[in-house]
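Below: the structure, in structure tokens.
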There are 2 protein chains.
Amino acid sequence: MLKNSEFIDKLRSSGLRPTKQRLKICEVLFNRDKTFHFTIHDLAMQISKQLKEKISLATVYNTVHAFKNKGYLKEISINSDKSYFDTNISNHHHFFDEDTNELIDCNDDVIEKVNIKKNLTGKKINSVEVLVKVASDNQNQN
Amino acid sequence: MLKNSEFIDKLRSSGLRPTKQRLKICEVLFNRDKTFHFTIHDLAMQISKQLKEKISLATVYNTVHAFKNKGYLKEISINSDKSYFDTNISNHHHFFDEDTNELIDCNDDVIEKVNIKKNLTGKKINSVEVLVKVASDNQNQN
DNA sequence: CGATATATTATAATTATTCTAAACTGTTGA
DNA sequence: TCAACAGTTTAGAATAATTATAATATATCG
């Protein structure tokens with residue numbers, strides 16, 4: 001659970017002024033105990049549920065991207081029509097439940113460190129993401 | 001290098017009648033030595049480059065999805081505005097070059113088998129995909 | 001070949017995301 | 001405190017990938 005001043009710090013360090021709308025976004029994103037996996041649509045829904053007024057989608061997109069660029073949010077590689085983000089920025093991987101389109105964190109006890117033994121010359125590794133797609137045992141998906 | 005009759009088999013087993021357009025799609029997809037990573041747009045471009053006439057995008061989408069569902073093509077999990085596919089359907093992983101938006105296969109000597117030590121109850125693992133995002137060493141991306 | 005079911009196509013519809021320009025607000029300095 | 005300015009918000013337009021539609025064309029099977 002974070003305080004307002006922490007949200008302001010997060011915004012300022014991302015190059016954004018603290019405004020009413022952005023503070024609300026921070027509250028929905030960061031004022032929680034557990035990791036939050038979301039799409040922009042999810043986030044906008046939660047915000048308008050909590051506020052009477054709506055926040056413009058453009059503002060949500062801009063703020064989320066600023067946080068992503070600063071490293072306060074992680075974008076997750078899934079092939080989907082939407083982009084998924086994660087408030088857990090530590091190095092971890094995911095299950096993706098194809099039945100429910102839900103993302104679930106993989107803890108350390110699920111996947112051990114993936115070792116990249118060779119890299120492309122002249123390139124730097126920015127991230128290593130493992131996605132484990134699962135589905136109900138008694139039906140064929142895809 | 002495959003023959004026309006092999007394309008017809010592929011189409012038939014995917015539940016599709018062999019038509020002129022679909023055979024052309026097969027040729028572009030499967031008549032090659034090396035793995036082909038592509039987006040629908042890439043594929044449509046290559047086809048119209050090789051033919052005088054254009055194939056409707058709808059046909060390309062439908063055919064690619066039928067092949068994907070049958071397992072002749074693999075969809076790759078990347079967060080992008082487009083979907084990427086791979087003609088290499090064996091179990092393997094990828095580098096994604098963020099400078100060029102290019103996908104490169106990881107051979108066995110790059111990543112060893114990823115071991116999933118625990119799975120969600122009642123779920124079956126459909127795939128395990130590792131994506132290694134790289135970028136030029138002397139610039140900051142993202 | 002002829003009948004029928006399936007394909008192709010151009011175009012419209014849909015959806016996520018980005019862009020735009022006008023109205024609004026936080027900030028800074030007097 | 002207040003004015004001026006730079007940065008923000010917003011609705012709505014623009015863009016781009018993908019899917020749906022419905023009329024026309026083609027493959028298949030007898």
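Ligands are numbered from 1 in the order shown, residues from 1 within each chain, and chains are lettered A, B, ... in the order they appear in the structure tokens.
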Please return the superposed copy of chain A as a PDB file with C-alpha atoms, in the first residue's frame; the fit should be least squares onto chain B across all sequentially paired Cα atoms.
```pdb
ATOM      1  CA  MET A   1      11.610 -28.077 -51.458  1.00  0.00           C
ATOM      2  CA  LEU A   2       8.162 -29.572 -51.691  1.00  0.00           C
ATOM      3  CA  LYS A   3       6.031 -30.619 -54.606  1.00  0.00           C
ATOM      4  CA  ASN A   4       2.580 -29.523 -55.564  1.00  0.00           C
ATOM      5  CA  SER A   5       1.057 -32.784 -54.390  1.00  0.00           C
ATOM      6  CA  GLU A   6       2.459 -32.175 -50.954  1.00  0.00           C
ATOM      7  CA  PHE A   7       0.816 -28.782 -50.848  1.00  0.00           C
ATOM      8  CA  ILE A   8      -2.456 -30.416 -51.814  1.00  0.00           C
ATOM      9  CA  ASP A   9      -2.066 -32.907 -48.977  1.00  0.00           C
ATOM     10  CA  LYS A  10      -1.359 -30.124 -46.523  1.00  0.00           C
ATOM     11  CA  LEU A  11      -4.437 -28.232 -47.661  1.00  0.00           C
ATOM     12  CA  ARG A  12      -6.704 -31.276 -47.678  1.00  0.00           C
ATOM     13  CA  SER A  13      -5.601 -32.339 -44.214  1.00  0.00           C
ATOM     14  CA  SER A  14      -6.317 -28.828 -42.985  1.00  0.00           C
ATOM     15  CA  GLY A  15      -9.825 -29.133 -44.313  1.00  0.00           C
ATOM     16  CA  LEU A  16      -9.226 -26.854 -47.275  1.00  0.00           C
ATOM     17  CA  ARG A  17      -9.729 -27.451 -50.943  1.00  0.00           C
ATOM     18  CA  PRO A  18      -6.668 -26.902 -53.084  1.00  0.00           C
ATOM     19  CA  THR A  19      -7.288 -23.760 -55.045  1.00  0.00           C
ATOM     20  CA  LYS A  20      -4.971 -21.623 -57.120  1.00  0.00           C
ATOM     21  CA  GLN A  21      -4.658 -19.009 -54.377  1.00  0.00           C
ATOM     22  CA  ARG A  22      -4.045 -21.474 -51.599  1.00  0.00           C
ATOM     23  CA  LEU A  23      -1.439 -23.352 -53.604  1.00  0.00           C
ATOM     24  CA  LYS A  24       0.365 -20.080 -54.146  1.00  0.00           C
ATOM     25  CA  ILE A  25       0.293 -19.431 -50.410  1.00  0.00           C
ATOM     26  CA  CYS A  26       1.710 -22.914 -49.810  1.00  0.00           C
ATOM     27  CA  GLU A  27       4.447 -22.290 -52.299  1.00  0.00           C
ATOM     28  CA  VAL A  28       5.520 -19.077 -50.623  1.00  0.00           C
ATOM     29  CA  LEU A  29       5.289 -20.610 -47.159  1.00  0.00           C
ATOM     30  CA  PHE A  30       6.669 -24.079 -47.567  1.00  0.00           C
ATOM     31  CA  ASN A  31       8.810 -24.115 -50.696  1.00  0.00           C
ATOM     32  CA  ARG A  32      11.951 -22.930 -48.943  1.00  0.00           C
ATOM     33  CA  ASP A  33      14.969 -24.336 -47.222  1.00  0.00           C
ATOM     34  CA  LYS A  34      15.079 -22.117 -44.202  1.00  0.00           C
ATOM     35  CA  THR A  35      12.529 -21.230 -41.592  1.00  0.00           C
ATOM     36  CA  PHE A  36      10.304 -18.339 -42.548  1.00  0.00           C
ATOM     37  CA  HIS A  37       9.133 -15.887 -39.917  1.00  0.00           C
ATOM     38  CA  PHE A  38       6.412 -13.616 -41.171  1.00  0.00           C
ATOM     39  CA  THR A  39       3.425 -11.440 -40.568  1.00  0.00           C
ATOM     40  CA  ILE A  40       0.316 -11.648 -42.718  1.00  0.00           C
ATOM     41  CA  HIS A  41       1.441  -8.415 -44.311  1.00  0.00           C
ATOM     42  CA  ASP A  42       4.856  -9.860 -45.181  1.00  0.00           C
ATOM     43  CA  LEU A  43       3.252 -12.918 -46.687  1.00  0.00           C
ATOM     44  CA  ALA A  44       0.785 -10.942 -48.753  1.00  0.00           C
ATOM     45  CA  MET A  45       3.632  -8.779 -50.017  1.00  0.00           C
ATOM     46  CA  GLN A  46       5.684 -11.766 -51.119  1.00  0.00           C
ATOM     47  CA  ILE A  47       2.708 -13.283 -52.873  1.00  0.00           C
ATOM     48  CA  SER A  48       1.863 -10.166 -54.826  1.00  0.00           C
ATOM     49  CA  LYS A  49       5.531  -9.748 -55.711  1.00  0.00           C
ATOM     50  CA  GLN A  50       5.576 -13.237 -57.242  1.00  0.00           C
ATOM     51  CA  LEU A  51       2.182 -13.093 -58.902  1.00  0.00           C
ATOM     52  CA  LYS A  52       0.950 -10.408 -61.208  1.00  0.00           C
ATOM     53  CA  GLU A  53      -2.463 -10.480 -59.529  1.00  0.00           C
ATOM     54  CA  LYS A  54      -3.173  -9.856 -55.897  1.00  0.00           C
ATOM     55  CA  ILE A  55      -4.678 -12.345 -53.494  1.00  0.00           C
ATOM     56  CA  SER A  56      -7.334 -11.027 -51.157  1.00  0.00           C
ATOM     57  CA  LEU A  57      -6.130 -10.492 -47.614  1.00  0.00           C
ATOM     58  CA  ALA A  58      -9.145 -12.409 -46.344  1.00  0.00           C
ATOM     59  CA  THR A  59      -7.923 -15.510 -48.167  1.00  0.00           C
ATOM     60  CA  VAL A  60      -4.444 -15.151 -46.726  1.00  0.00           C
ATOM     61  CA  TYR A  61      -5.821 -14.774 -43.199  1.00  0.00           C
ATOM     62  CA  ASN A  62      -8.144 -17.740 -43.566  1.00  0.00           C
ATOM     63  CA  THR A  63      -5.506 -20.039 -44.974  1.00  0.00           C
ATOM     64  CA  VAL A  64      -2.835 -19.097 -42.461  1.00  0.00           C
ATOM     65  CA  HIS A  65      -5.253 -19.674 -39.596  1.00  0.00           C
ATOM     66  CA  ALA A  66      -6.293 -23.041 -40.948  1.00  0.00           C
ATOM     67  CA  PHE A  67      -2.626 -24.076 -41.146  1.00  0.00           C
ATOM     68  CA  LYS A  68      -2.002 -22.769 -37.665  1.00  0.00           C
ATOM     69  CA  ASN A  69      -4.932 -24.725 -36.268  1.00  0.00           C
ATOM     70  CA  LYS A  70      -3.741 -27.874 -38.002  1.00  0.00           C
ATOM     71  CA  GLY A  71      -0.226 -27.297 -36.652  1.00  0.00           C
ATOM     72  CA  TYR A  72       1.550 -26.593 -39.936  1.00  0.00           C
ATOM     73  CA  LEU A  73       2.386 -23.095 -38.719  1.00  0.00           C
ATOM     74  CA  LYS A  74       3.226 -21.786 -35.285  1.00  0.00           C
ATOM     75  CA  GLU A  75       2.112 -18.446 -33.972  1.00  0.00           C
ATOM     76  CA  ILE A  76       4.800 -16.679 -31.959  1.00  0.00           C
ATOM     77  CA  SER A  77       4.081 -14.735 -28.806  1.00  0.00           C
ATOM     78  CA  ILE A  78       5.407 -11.257 -29.254  1.00  0.00           C
ATOM     79  CA  ASN A  79       3.850  -8.137 -28.150  1.00  0.00           C
ATOM     80  CA  SER A  80       3.402  -6.284 -31.326  1.00  0.00           C
ATOM     81  CA  ASP A  81       0.642  -4.684 -33.263  1.00  0.00           C
ATOM     82  CA  LYS A  82       0.924  -7.588 -35.714  1.00  0.00           C
ATOM     83  CA  SER A  83       0.874 -11.381 -35.344  1.00  0.00           C
ATOM     84  CA  TYR A  84       4.011 -13.298 -36.240  1.00  0.00           C
ATOM     85  CA  PHE A  85       4.037 -16.836 -37.587  1.00  0.00           C
ATOM     86  CA  ASP A  86       6.773 -19.395 -38.081  1.00  0.00           C
ATOM     87  CA  THR A  87       7.076 -22.222 -40.581  1.00  0.00           C
ATOM     88  CA  ASN A  88       9.352 -24.052 -38.152  1.00  0.00           C
ATOM     89  CA  ILE A  89       6.919 -26.012 -36.010  1.00  0.00           C
ATOM     90  CA  SER A  90       9.509 -27.891 -33.993  1.00  0.00           C
ATOM     91  CA  ASN A  91      10.022 -26.983 -30.377  1.00  0.00           C
ATOM     92  CA  HIS A  92      12.323 -23.996 -30.381  1.00  0.00           C
ATOM     93  CA  HIS A  93      12.618 -20.463 -29.122  1.00  0.00           C
ATOM     94  CA  HIS A  94      13.368 -17.016 -30.514  1.00  0.00           C
ATOM     95  CA  PHE A  95      15.436 -13.916 -30.405  1.00  0.00           C
ATOM     96  CA  PHE A  96      13.547 -10.769 -31.274  1.00  0.00           C
ATOM     97  CA  ASP A  97      15.730  -7.952 -32.557  1.00  0.00           C
ATOM     98  CA  GLU A  98      14.082  -4.772 -31.379  1.00  0.00           C
ATOM     99  CA  ASP A  99      16.155  -2.687 -33.761  1.00  0.00           C
ATOM    100  CA  THR A 100      14.865  -4.398 -36.866  1.00  0.00           C
ATOM    101  CA  ASN A 101      11.703  -6.156 -35.607  1.00  0.00           C
ATOM    102  CA  GLU A 102      13.236  -9.372 -36.855  1.00  0.00           C
ATOM    103  CA  LEU A 103      12.756 -12.827 -35.386  1.00  0.00           C
ATOM    104  CA  ILE A 104      15.637 -15.279 -35.254  1.00  0.00           C
ATOM    105  CA  ASP A 105      15.442 -18.934 -34.246  1.00  0.00           C
ATOM    106  CA  CYS A 106      17.285 -20.053 -31.127  1.00  0.00           C
ATOM    107  CA  ASN A 107      19.027 -23.294 -31.762  1.00  0.00           C
ATOM    108  CA  ASP A 108      19.400 -26.000 -29.139  1.00  0.00           C
ATOM    109  CA  ASP A 109      22.859 -24.735 -28.285  1.00  0.00           C
ATOM    110  CA  VAL A 110      21.429 -21.397 -27.144  1.00  0.00           C
ATOM    111  CA  ILE A 111      18.727 -22.384 -24.658  1.00  0.00           C
ATOM    112  CA  GLU A 112      18.407 -25.694 -22.922  1.00  0.00           C
ATOM    113  CA  LYS A 113      15.064 -27.266 -22.243  1.00  0.00           C
ATOM    114  CA  VAL A 114      12.940 -25.150 -19.938  1.00  0.00           C
ATOM    115  CA  ASN A 115      11.665 -27.283 -17.128  1.00  0.00           C
ATOM    116  CA  ILE A 116       8.229 -26.429 -15.761  1.00  0.00           C
ATOM    117  CA  LYS A 117       8.319 -27.863 -12.268  1.00  0.00           C
ATOM    118  CA  LYS A 118       4.721 -27.172 -11.296  1.00  0.00           C
ATOM    119  CA  ASN A 119       1.625 -26.683 -13.359  1.00  0.00           C
ATOM    120  CA  LEU A 120      -1.754 -25.235 -12.533  1.00  0.00           C
ATOM    121  CA  THR A 121      -4.164 -27.915 -11.390  1.00  0.00           C
ATOM    122  CA  GLY A 122      -6.510 -29.256 -14.012  1.00  0.00           C
ATOM    123  CA  LYS A 123      -4.594 -27.625 -16.838  1.00  0.00           C
ATOM    124  CA  LYS A 124      -2.542 -29.062 -19.635  1.00  0.00           C
ATOM    125  CA  ILE A 125       0.571 -27.315 -20.960  1.00  0.00           C
ATOM    126  CA  ASN A 126       0.064 -26.445 -24.600  1.00  0.00           C
ATOM    127  CA  SER A 127       3.332 -24.658 -25.223  1.00  0.00           C
ATOM    128  CA  VAL A 128       6.404 -23.175 -23.593  1.00  0.00           C
ATOM    129  CA  GLU A 129       7.843 -20.223 -25.484  1.00  0.00           C
ATOM    130  CA  VAL A 130      10.951 -18.272 -24.634  1.00  0.00           C
ATOM    131  CA  LEU A 131      11.451 -14.872 -26.219  1.00  0.00           C
ATOM    132  CA  VAL A 132      14.825 -13.174 -25.858  1.00  0.00           C
ATOM    133  CA  LYS A 133      14.576  -9.510 -26.737  1.00  0.00           C
ATOM    134  CA  VAL A 134      17.822  -7.971 -27.904  1.00  0.00           C
ATOM    135  CA  ALA A 135      18.888  -4.611 -29.230  1.00  0.00           C
ATOM    136  CA  SER A 136      21.985  -2.862 -30.400  1.00  0.00           C
ATOM    137  CA  ASP A 137      24.564  -2.616 -27.647  1.00  0.00           C
ATOM    138  CA  ASN A 138      25.178   1.115 -27.923  1.00  0.00           C
ATOM    139  CA  GLN A 139      21.699   2.528 -27.604  1.00  0.00           C
ATOM    140  CA  ASN A 140      18.840   2.356 -25.161  1.00  0.00           C
ATOM    141  CA  GLN A 141      15.657   0.843 -26.400  1.00  0.00           C
ATOM    142  CA  ASN A 142      12.389   0.950 -24.507  1.00  0.00           C
TER     143      ASN A 142
END
```
I need the residues of chain A that end up classed as helix (DSSP H, G or I) by DSSP on the backbone, written out as number ranges by chain.
A: 4-13, 20-30, 40-50, 57-70
Find the distance between atom C1' of DA3 of chain D and atom C1' of DA21 of chain C and write it in Å to one decimal.
23.9 Å
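Between atom C1' of DA13 of chain C and atom C1' of DG12 of chain D there is a distance of 18.6 Å.
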List every residue of chain B that DSSP, applied to the backbone of this structure, places in strand (DSSP E), and write the result as a count of residues only.
33
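Across D:DT15, D:DT1, D:DT8, D:DT26, the tightest approach to chain B is made by D:DT26 when counting only C-alpha atoms (C1' of nucleotides).
With the cut-off set to 9 Å and only C-alpha atoms (C1' of nucleotides) counted, chain D residues close to chain A are DG7, DT8, DT9, DT10, DA11, DA17 and DT18 of chain D.
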Taking only C-alpha atoms (C1' of nucleotides) into account, find every residue of chain C that has an atom no more than 10 Å from chain B, and write it out as a PyMOL selection string.
chain C and resi 6-10+16-17
